[in-house]
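Enquirer: Provided herewith: coords_35.tsv, TSV, C-alpha atoms and all ligand atoms.
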chain	number	residue	atom	x	y	z
A	1	MET	CA	118.98	-31.07	-99.23
A	2	SER	CA	118.50	-30.98	-103.00
A	3	ASP	CA	116.89	-27.93	-104.60
A	4	ILE	CA	113.68	-29.87	-105.10
A	5	ALA	CA	113.62	-31.13	-101.51
A	6	GLN	CA	114.23	-27.59	-100.30
A	7	ALA	CA	111.52	-26.16	-102.54
A	8	LEU	CA	109.07	-28.81	-101.34
A	9	HIS	CA	109.89	-28.02	-97.74
A	10	ALA	CA	109.32	-24.29	-98.32
A	11	LEU	CA	106.09	-25.00	-100.18
A	12	ARG	CA	104.72	-27.18	-97.40
A	13	GLU	CA	105.38	-24.28	-95.02
A	14	ARG	CA	103.64	-21.91	-97.41
A	15	ILE	CA	100.60	-24.20	-97.47
A	16	ALA	CA	100.59	-24.49	-93.67
A	17	ARG	CA	100.78	-20.69	-93.33
A	18	ALA	CA	97.84	-20.25	-95.71
A	19	GLU	CA	95.83	-22.87	-93.80
A	20	GLY	CA	96.47	-20.93	-90.60
A	21	ARG	CA	95.78	-17.53	-92.10
A	22	PHE	CA	92.45	-18.54	-93.63
A	23	GLY	CA	91.13	-20.71	-90.82
A	24	ARG	CA	91.61	-24.02	-92.59
A	25	ALA	CA	92.33	-27.14	-90.56
A	26	PRO	CA	96.03	-28.07	-90.52
A	27	GLY	CA	96.67	-30.71	-93.17
A	28	SER	CA	93.35	-30.14	-94.95
A	29	VAL	CA	95.04	-29.02	-98.18
A	30	LYS	CA	96.68	-31.80	-100.15
A	31	LEU	CA	99.67	-31.03	-102.36
A	32	LEU	CA	99.67	-32.39	-105.90
A	33	ALA	CA	103.16	-31.95	-107.39
A	34	VAL	CA	102.76	-31.10	-111.08
A	35	SER	CA	105.74	-32.70	-112.83
A	36	LYS	CA	104.78	-32.13	-116.48
A	37	ALA	CA	107.77	-31.08	-118.63
A	38	HIS	CA	110.17	-32.22	-115.91
A	39	PRO	CA	112.16	-35.45	-116.11
A	40	ALA	CA	111.55	-38.66	-114.18
A	41	ALA	CA	114.64	-37.87	-112.10
A	42	ALA	CA	112.90	-34.76	-110.75
A	43	VAL	CA	109.86	-36.83	-109.78
A	44	ASP	CA	112.17	-39.29	-108.10
A	45	GLU	CA	113.81	-36.54	-106.07
A	46	ALA	CA	110.48	-35.14	-104.92
A	47	HIS	CA	109.28	-38.64	-104.12
A	48	ARG	CA	112.36	-39.28	-101.98
A	49	ALA	CA	111.59	-36.03	-100.18
A	50	GLY	CA	108.23	-37.47	-99.15
A	51	GLN	CA	105.93	-36.32	-101.96
A	52	LYS	CA	103.39	-39.01	-102.92
A	53	ALA	CA	100.97	-37.46	-105.44
A	54	PHE	CA	102.10	-36.25	-108.87
A	55	GLY	CA	100.15	-34.55	-111.66
A	56	GLU	CA	100.80	-34.95	-115.38
A	57	SER	CA	99.08	-33.35	-118.39
A	58	TYR	CA	100.28	-35.50	-121.29
A	59	VAL	CA	99.62	-39.24	-121.35
A	60	GLN	CA	102.70	-40.36	-123.32
A	61	GLU	CA	105.02	-38.29	-121.16
A	62	ALA	CA	103.42	-39.65	-118.01
A	63	LEU	CA	103.62	-43.29	-119.12
A	64	ALA	CA	107.32	-42.88	-119.89
A	65	LYS	CA	107.95	-41.53	-116.39
A	66	MET	CA	105.91	-44.29	-114.77
A	67	GLN	CA	108.02	-46.85	-116.59
A	68	ALA	CA	111.28	-45.13	-115.66
A	69	LEU	CA	110.30	-44.87	-111.99
A	70	SER	CA	108.28	-47.95	-111.11
A	71	ALA	CA	107.75	-46.55	-107.61
A	72	PRO	CA	104.62	-48.44	-106.58
A	73	ASN	CA	103.42	-45.93	-104.03
A	74	ILE	CA	103.30	-42.88	-106.29
A	75	GLU	CA	99.72	-41.66	-106.77
A	76	TRP	CA	99.36	-40.41	-110.37
A	77	HIS	CA	96.81	-37.73	-111.26
A	78	PHE	CA	95.93	-36.86	-114.85
A	79	ILE	CA	95.28	-33.10	-114.95
A	80	GLY	CA	95.23	-32.33	-118.70
A	81	PRO	CA	92.32	-32.20	-121.13
A	82	ILE	CA	91.13	-35.77	-121.82
A	83	GLN	CA	90.88	-36.97	-125.42
A	84	SER	CA	88.79	-40.03	-126.28
A	85	ASN	CA	91.77	-41.97	-127.57
A	86	LYS	CA	93.62	-41.49	-124.25
A	87	THR	CA	90.92	-42.67	-121.86
A	88	ARG	CA	92.09	-46.30	-121.76
A	89	ALA	CA	95.61	-45.41	-120.65
A	90	ILE	CA	94.25	-42.98	-118.08
A	91	ALA	CA	91.75	-45.52	-116.74
A	92	GLN	CA	94.46	-48.16	-116.45
A	93	ARG	CA	97.37	-46.18	-115.08
A	94	PHE	CA	96.11	-43.24	-113.03
A	95	ALA	CA	94.41	-42.90	-109.64
A	96	TRP	CA	92.70	-39.60	-110.48
A	97	ALA	CA	91.54	-37.60	-113.53
A	98	HIS	CA	90.80	-33.92	-112.88
A	99	GLY	CA	89.71	-32.75	-116.33
A	100	VAL	CA	86.43	-34.56	-116.98
A	101	ASP	CA	84.07	-32.25	-118.85
A	102	ARG	CA	81.88	-34.55	-120.98
A	103	VAL	CA	79.76	-37.53	-120.07
A	104	LYS	CA	81.13	-39.46	-123.02
A	105	ILE	CA	84.65	-39.22	-121.58
A	106	ALA	CA	83.45	-40.18	-118.11
A	107	ARG	CA	81.67	-43.23	-119.54
A	108	ARG	CA	84.78	-44.37	-121.38
A	109	LEU	CA	86.91	-43.95	-118.25
A	110	SER	CA	84.36	-45.93	-116.27
A	111	ASP	CA	84.04	-48.73	-118.83
A	112	GLN	CA	87.81	-48.98	-119.26
A	113	ARG	CA	88.72	-48.95	-115.56
A	114	PRO	CA	90.19	-52.41	-114.82
A	115	HIS	CA	87.99	-54.45	-112.49
A	116	GLY	CA	90.78	-55.18	-110.03
A	117	LEU	CA	91.28	-51.48	-109.26
A	118	SER	CA	89.18	-49.19	-107.09
A	119	PRO	CA	87.09	-46.71	-109.12
A	120	LEU	CA	89.03	-43.90	-110.80
A	121	ASN	CA	88.66	-40.71	-108.78
A	122	VAL	CA	87.43	-37.91	-111.02
A	123	CYS	CA	86.75	-34.21	-110.85
A	124	ILE	CA	84.57	-32.26	-113.23
A	125	GLN	CA	86.44	-29.35	-114.77
A	126	VAL	CA	84.37	-26.18	-114.74
A	127	ASN	CA	84.97	-23.31	-117.13
A	128	LEU	CA	84.08	-20.40	-114.86
A	129	SER	CA	84.97	-17.58	-117.21
A	130	GLY	CA	83.06	-18.78	-120.25
A	131	GLU	CA	86.14	-18.49	-122.45
A	132	ALA	CA	85.30	-20.46	-125.59
A	133	THR	CA	88.81	-21.85	-125.99
A	134	LYS	CA	89.17	-23.28	-122.48
A	135	SER	CA	88.23	-26.82	-121.59
A	136	GLY	CA	85.65	-27.36	-118.92
A	137	VAL	CA	81.88	-27.48	-118.69
A	138	GLY	CA	79.92	-24.26	-118.22
A	139	PRO	CA	78.56	-23.62	-114.70
A	140	GLU	CA	74.98	-24.06	-115.93
A	141	ALA	CA	75.70	-27.63	-117.08
A	142	VAL	CA	77.61	-28.85	-114.02
A	143	ALA	CA	74.63	-30.33	-112.15
A	144	ASP	CA	73.48	-32.55	-115.02
A	145	LEU	CA	76.99	-33.75	-115.74
A	146	ALA	CA	77.64	-34.42	-112.04
A	147	ARG	CA	74.50	-36.54	-111.78
A	148	ALA	CA	75.44	-38.54	-114.88
A	149	VAL	CA	79.02	-39.11	-113.70
A	150	SER	CA	77.88	-40.13	-110.20
A	151	ALA	CA	75.85	-42.96	-111.69
A	152	LEU	CA	78.91	-44.62	-113.26
A	153	ARG	CA	80.50	-47.57	-111.49
A	154	GLY	CA	84.08	-47.40	-112.71
A	155	VAL	CA	84.63	-43.81	-111.63
A	156	ARG	CA	84.00	-42.02	-108.36
A	157	LEU	CA	83.05	-38.37	-108.63
A	158	ARG	CA	85.07	-36.52	-105.97
A	159	GLY	CA	84.45	-32.87	-106.82
A	160	LEU	CA	85.25	-29.94	-109.07
A	161	MET	CA	88.36	-28.51	-110.70
A	162	ALA	CA	89.06	-25.16	-112.34
A	163	ILE	CA	91.89	-23.15	-113.88
A	164	PRO	CA	90.83	-19.49	-113.70
A	165	PRO	CA	92.66	-16.93	-115.84
A	166	PRO	CA	95.43	-14.99	-114.07
A	167	ALA	CA	94.24	-12.13	-111.86
A	168	ALA	CA	96.10	-9.24	-110.28
A	169	ASP	CA	95.60	-9.57	-106.55
A	170	LEU	CA	94.30	-11.88	-103.86
A	171	GLU	CA	90.74	-10.53	-103.89
A	172	ALA	CA	90.44	-10.81	-107.67
A	173	GLN	CA	91.91	-14.31	-107.56
A	174	ARG	CA	89.45	-15.40	-104.88
A	175	ALA	CA	86.30	-14.58	-106.86
A	176	PRO	CA	86.35	-17.53	-109.33
A	177	PHE	CA	87.50	-19.95	-106.61
A	178	ARG	CA	84.55	-18.81	-104.49
A	179	ARG	CA	82.20	-19.58	-107.38
A	180	LEU	CA	83.68	-23.06	-107.70
A	181	ARG	CA	83.20	-23.66	-103.97
A	182	GLU	CA	79.59	-22.47	-104.20
A	183	ALA	CA	79.01	-24.81	-107.14
A	184	LEU	CA	80.32	-27.70	-105.03
A	185	GLU	CA	78.12	-26.69	-102.11
A	186	ALA	CA	75.10	-26.58	-104.42
A	187	LEU	CA	75.79	-30.12	-105.63
A	188	ASN	CA	76.13	-31.37	-102.07
A	189	ALA	CA	72.92	-29.59	-101.05
A	190	ASP	CA	71.37	-31.48	-103.97
A	191	GLY	CA	72.27	-34.85	-102.49
A	192	LEU	CA	75.78	-35.60	-103.76
A	193	SER	CA	78.63	-36.00	-101.29
A	194	LEU	CA	81.67	-34.46	-102.90
A	195	ASP	CA	84.81	-33.72	-100.91
A	196	THR	CA	87.25	-32.23	-103.42
A	197	LEU	CA	88.00	-28.77	-104.75
A	198	SER	CA	91.02	-29.05	-107.06
A	199	MET	CA	92.10	-25.44	-107.44
A	200	GLY	CA	95.14	-23.25	-107.01
A	201	MET	CA	98.51	-23.23	-108.78
A	202	THR	CA	101.85	-21.60	-107.94
A	203	ASN	CA	100.60	-18.04	-108.47
A	204	ASP	CA	97.14	-18.24	-106.91
A	205	MET	CA	97.50	-20.92	-104.26
A	206	GLU	CA	96.71	-18.70	-101.27
A	207	ALA	CA	93.47	-17.45	-102.87
A	208	ALA	CA	92.42	-21.04	-103.58
A	209	ILE	CA	93.17	-22.15	-100.01
A	210	ALA	CA	91.22	-19.16	-98.69
A	211	GLU	CA	88.19	-20.38	-100.67
A	212	GLY	CA	88.38	-24.01	-99.64
A	213	ALA	CA	90.81	-25.81	-101.97
A	214	THR	CA	91.41	-29.38	-100.85
A	215	ILE	CA	93.98	-30.13	-103.57
A	216	VAL	CA	96.41	-27.52	-104.87
A	217	ARG	CA	98.24	-28.38	-108.10
A	218	ILE	CA	101.73	-26.92	-107.92
A	219	GLY	CA	104.50	-27.22	-110.49
A	220	THR	CA	106.75	-24.17	-110.74
A	221	ALA	CA	107.22	-23.63	-107.00
A	222	ILE	CA	108.63	-27.17	-106.71
A	223	PHE	CA	110.43	-27.89	-109.97
A	224	GLY	CA	111.18	-24.39	-111.31
A	225	PRO	CA	110.07	-22.95	-114.65
A	226	ARG	CA	109.18	-25.32	-117.48
A	227	GLU	CA	111.14	-25.29	-120.78
A	228	GLU	CA	108.16	-24.12	-122.80
A	229	GLU	CA	107.83	-21.08	-120.54
A	230	ALA	CA	111.42	-20.41	-119.49
B	1	LIG	C1	100.80	-26.90	-115.32
B	1	LIG	C2	99.59	-27.02	-114.49
B	1	LIG	C3	99.62	-26.71	-113.10
B	1	LIG	C4	100.86	-26.20	-112.37
B	1	LIG	O1	101.07	-24.85	-112.63
B	1	LIG	P1	102.22	-24.02	-111.88
B	1	LIG	O2	101.88	-22.62	-112.20
B	1	LIG	O3	103.52	-24.45	-112.46
B	1	LIG	O4	102.13	-24.31	-110.43
B	1	LIG	C5	98.46	-26.90	-112.38
B	1	LIG	N1	97.32	-27.34	-112.96
B	1	LIG	C6	97.25	-27.65	-114.27
B	1	LIG	C7	95.98	-28.14	-114.84
B	1	LIG	C8	98.37	-27.48	-115.07
B	1	LIG	O5	98.28	-27.76	-116.38
Let's see the structure in the file written out as structure tokens.
Expert:
Amino acid sequence: MSDIAQALHALRERIARAEGRFGRAPGSVKLLAVSKAHPAAAVDEAHRAGQKAFGESYVQEALAKMQALSAPNIEWHFIGPIQSNKTRAIAQRFAWAHGVDRVKIARRLSDQRPHGLSPLNVCIQVNLSGEATKSGVGPEAVADLARAVSALRGVRLRGLMAIPPPAADLEAQRAPFRRLREALEALNADGLSLDTLSMGMTNDMEAAIAEGATIVRIGTAIFGPREEEA
């Protein structure tokens, strides 16, 4: 097995263990392999090892990989902040966008989604910590944004996404994920039917699974450290 295949195998076991430990149904946590800053060849290796969904944060980088790979059954997720001038490419080329935090962006994605494709799956990114520099909508504004996004035809609101700041231990990591889950429950109690909590990365995956993550976004544990951070 290649390093990537081996890492994927170990990670799938880690996810299964967390599902068991926290009373989650087996297979209820979907793995999104975050391939940003890694070459198309790495995506190809993971894909050959059975991985179907890949996450990218930069549109140009993602488009280059899509062209290099042309594997028709890869499911591409855009997980970075979404700029207005990138919405067309995202609407045309991706299956999911996790970082929606403004109605204007959601509208553009909806309007620009090609008619032949099913609606773009989107998550609203929530800024749980109130850090001014982070992307994401504040918790108090989630309900209004969710209602506005749900009314659009070219996108399908699936749920919420967050990137909490690093925390020391499992209990501290769980707190923001719990708030995200409660925000999702509140929206569903309000009449929406959302099924997705996109939360958890390499270092806080167990905490996210404990609190109900349905998609974990994992890069380092599969592909190793990224250049920018190595
Ligand atoms: C880079 C990134 C990840 C993956 O982080 P790792 O710590 O490498 O697992 C997940 N989500 C988002 C939004 C990212 O930008």
Enquirer: Using only C-alpha atoms, find the one residue out of A:Leu8, A:Ala210, A:Arg217, A:Asp44 that sits nearest to Gly20 of chain A.
Expert: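 Looking at the shortest contact to Gly20 of chain A, the residue is A:Ala210.
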Enquirer: Calculate how many Å separate atom CA of Phe94 of chain A from atom CA of Leu197 of chain A, rounding to one decimal.
Expert: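 Those two atoms sit 18.5 Å apart.
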Enquirer: Please measure the separation of atom CA of Arg113 of chain A and atom CA of Trp76 of chain A, giving the value in Å to one decimal.
Expert: 14.6 Å
Enquirer: Name the closest residue to ligand LIG 1 (chain B) among the candidates A:Gly50, A:Gly80, A:Pro72, A:Pro26; distances are taken between atoms, counting only C-alpha atoms and all ligand atoms.
Expert: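 So, comparing all the options, the nearest one is A:Gly80.
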Enquirer: Kindly provide the residues of chain A that approach ligand LIG 1 (chain B) to within 12 Å, each paired with its closest atom pair and their distance in Å to one decimal, based on all atoms listed in the file, listed by chain and increasing number, as a Markdown table.
Expert:
| residue | atom | partner | partner_atom | distance |
| --- | --- | --- | --- | --- |
| A:Leu11 | CA | B:LIG1 | O4 | 11.0 |
| A:Leu31 | CA | B:LIG1 | O4 | 10.8 |
| A:Leu32 | CA | B:LIG1 | C5 | 8.6 |
| A:Ala33 | CA | B:LIG1 | C4 | 7.9 |
| A:Val34 | CA | B:LIG1 | C4 | 5.4 |
| A:Ser35 | CA | B:LIG1 | C1 | 8.0 |
| A:Lys36 | CA | B:LIG1 | C1 | 6.7 |
| A:Ala37 | CA | B:LIG1 | C1 | 8.8 |
| A:His38 | CA | B:LIG1 | C1 | 10.8 |
| A:Phe54 | CA | B:LIG1 | C5 | 10.6 |
| A:Gly55 | CA | B:LIG1 | N1 | 7.9 |
| A:Glu56 | CA | B:LIG1 | O5 | 7.7 |
| A:Ser57 | CA | B:LIG1 | O5 | 6.0 |
| A:Tyr58 | CA | B:LIG1 | O5 | 9.4 |
| A:His77 | CA | B:LIG1 | C7 | 10.3 |
| A:Phe78 | CA | B:LIG1 | C7 | 8.7 |
| A:Ile79 | CA | B:LIG1 | C7 | 5.0 |
| A:Gly80 | CA | B:LIG1 | C7 | 5.7 |
| A:Pro81 | CA | B:LIG1 | C7 | 8.3 |
| A:Ile82 | CA | B:LIG1 | C7 | 11.4 |
| A:Ala97 | CA | B:LIG1 | C7 | 10.5 |
| A:His98 | CA | B:LIG1 | C7 | 8.0 |
| A:Gly99 | CA | B:LIG1 | C7 | 7.9 |
| A:Val100 | CA | B:LIG1 | C7 | 11.7 |
| A:Cys123 | CA | B:LIG1 | C7 | 11.7 |
| A:Gln125 | CA | B:LIG1 | C7 | 9.6 |
| A:Val126 | CA | B:LIG1 | C7 | 11.8 |
| A:Lys134 | CA | B:LIG1 | C7 | 11.3 |
| A:Ser135 | CA | B:LIG1 | C7 | 10.4 |
| A:Gly136 | CA | B:LIG1 | C7 | 11.1 |
| A:Met161 | CA | B:LIG1 | C7 | 8.7 |
| A:Ala162 | CA | B:LIG1 | C7 | 7.9 |
| A:Ile163 | CA | B:LIG1 | C7 | 6.5 |
| A:Pro164 | CA | B:LIG1 | C7 | 10.1 |
| A:Pro165 | CA | B:LIG1 | O2 | 11.4 |
| A:Pro166 | CA | B:LIG1 | O2 | 10.2 |
| A:Ser198 | CA | B:LIG1 | N1 | 8.8 |
| A:Met199 | CA | B:LIG1 | N1 | 7.8 |
| A:Gly200 | CA | B:LIG1 | C5 | 7.3 |
| A:Met201 | CA | B:LIG1 | O4 | 4.1 |
| A:Thr202 | CA | B:LIG1 | O4 | 3.7 |
| A:Asn203 | CA | B:LIG1 | O2 | 6.0 |
| A:Asp204 | CA | B:LIG1 | O2 | 8.3 |
| A:Met205 | CA | B:LIG1 | O4 | 8.4 |
| A:Ile215 | CA | B:LIG1 | N1 | 10.3 |
| A:Val216 | CA | B:LIG1 | C5 | 7.8 |
| A:Arg217 | CA | B:LIG1 | C5 | 4.5 |
| A:Ile218 | CA | B:LIG1 | O4 | 3.6 |
| A:Gly219 | CA | B:LIG1 | O3 | 3.5 |
| A:Thr220 | CA | B:LIG1 | O3 | 3.7 |
| A:Ala221 | CA | B:LIG1 | O4 | 6.2 |
| A:Ile222 | CA | B:LIG1 | O4 | 8.0 |
| A:Phe223 | CA | B:LIG1 | O3 | 8.1 |
| A:Gly224 | CA | B:LIG1 | O3 | 7.7 |
| A:Pro225 | CA | B:LIG1 | O3 | 7.1 |
| A:Arg226 | CA | B:LIG1 | O3 | 7.6 |
| A:Glu227 | CA | B:LIG1 | O3 | 11.3 |
| A:Glu228 | CA | B:LIG1 | C1 | 10.9 |
| A:Glu229 | CA | B:LIG1 | O3 | 9.8 |
| A:Ala230 | CA | B:LIG1 | O3 | 11.3 |
Enquirer: Here is a test: counting only C-alpha atoms, which residue of A:Val29, A:Ala71, A:Ala175, A:Ala207 is nearest to Leu128 of chain A?
Expert: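 Of the candidates, the smallest distance to Leu128 of chain A is held by A:Ala175.
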Enquirer: Which polymer residues have any atom within 8 Å of an atom of Leu145 of chain A, counting only C-alpha atoms, with same-chain residues fewer than 5 positions away left out, as a short mmCIF file (atom, residue, chain, number, x, y, z; two decimals) with C-alpha atoms, in the frame of the given file?
Expert:
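The resulting result35.cif:
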data_model
loop_
_atom_site.label_atom_id
_atom_site.label_comp_id
_atom_site.auth_asym_id
_atom_site.auth_seq_id
_atom_site.Cartn_x
_atom_site.Cartn_y
_atom_site.Cartn_z
CA ASP A 101 84.07 -32.25 -118.85
CA ARG A 102 81.88 -34.55 -120.98
CA VAL A 103 79.76 -37.53 -120.07
#
Enquirer: Nearest to Ala68 of chain A among A:Met1, A:Ala167, A:Leu180, A:Val43, with distances taken over only C-alpha atoms: which residue is it?
Expert: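 For Ala68 of chain A, the nearest of the given residues is A:Val43.
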Enquirer: So the first atom is atom CA of Arg48 of chain A and the second is atom CA of Ala5 of chain A; what is the distance between them in Å, to one decimal place?
Expert: 8.3 Å
Enquirer: I'd like the contact shell of Pro119 of chain A - 8 Å cut-off, only C-alpha atoms, skipping same-chain residues fewer than 2 positions apart - returned as a list of chain:residue names.
Expert: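 The residues satisfying every condition are A:Ser110, A:Arg113, A:Leu117, A:Asn121, A:Arg153, A:Gly154, A:Val155, A:Arg156.
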Enquirer: Go through A:Ala53, A:Ala151, A:Leu63, A:Ala189 and flag the residue nearest Arg93 of chain A, using only C-alpha atoms for the distances.
Expert: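 When distances to Arg93 of chain A are compared using only C-alpha atoms, the smallest one comes from A:Leu63.
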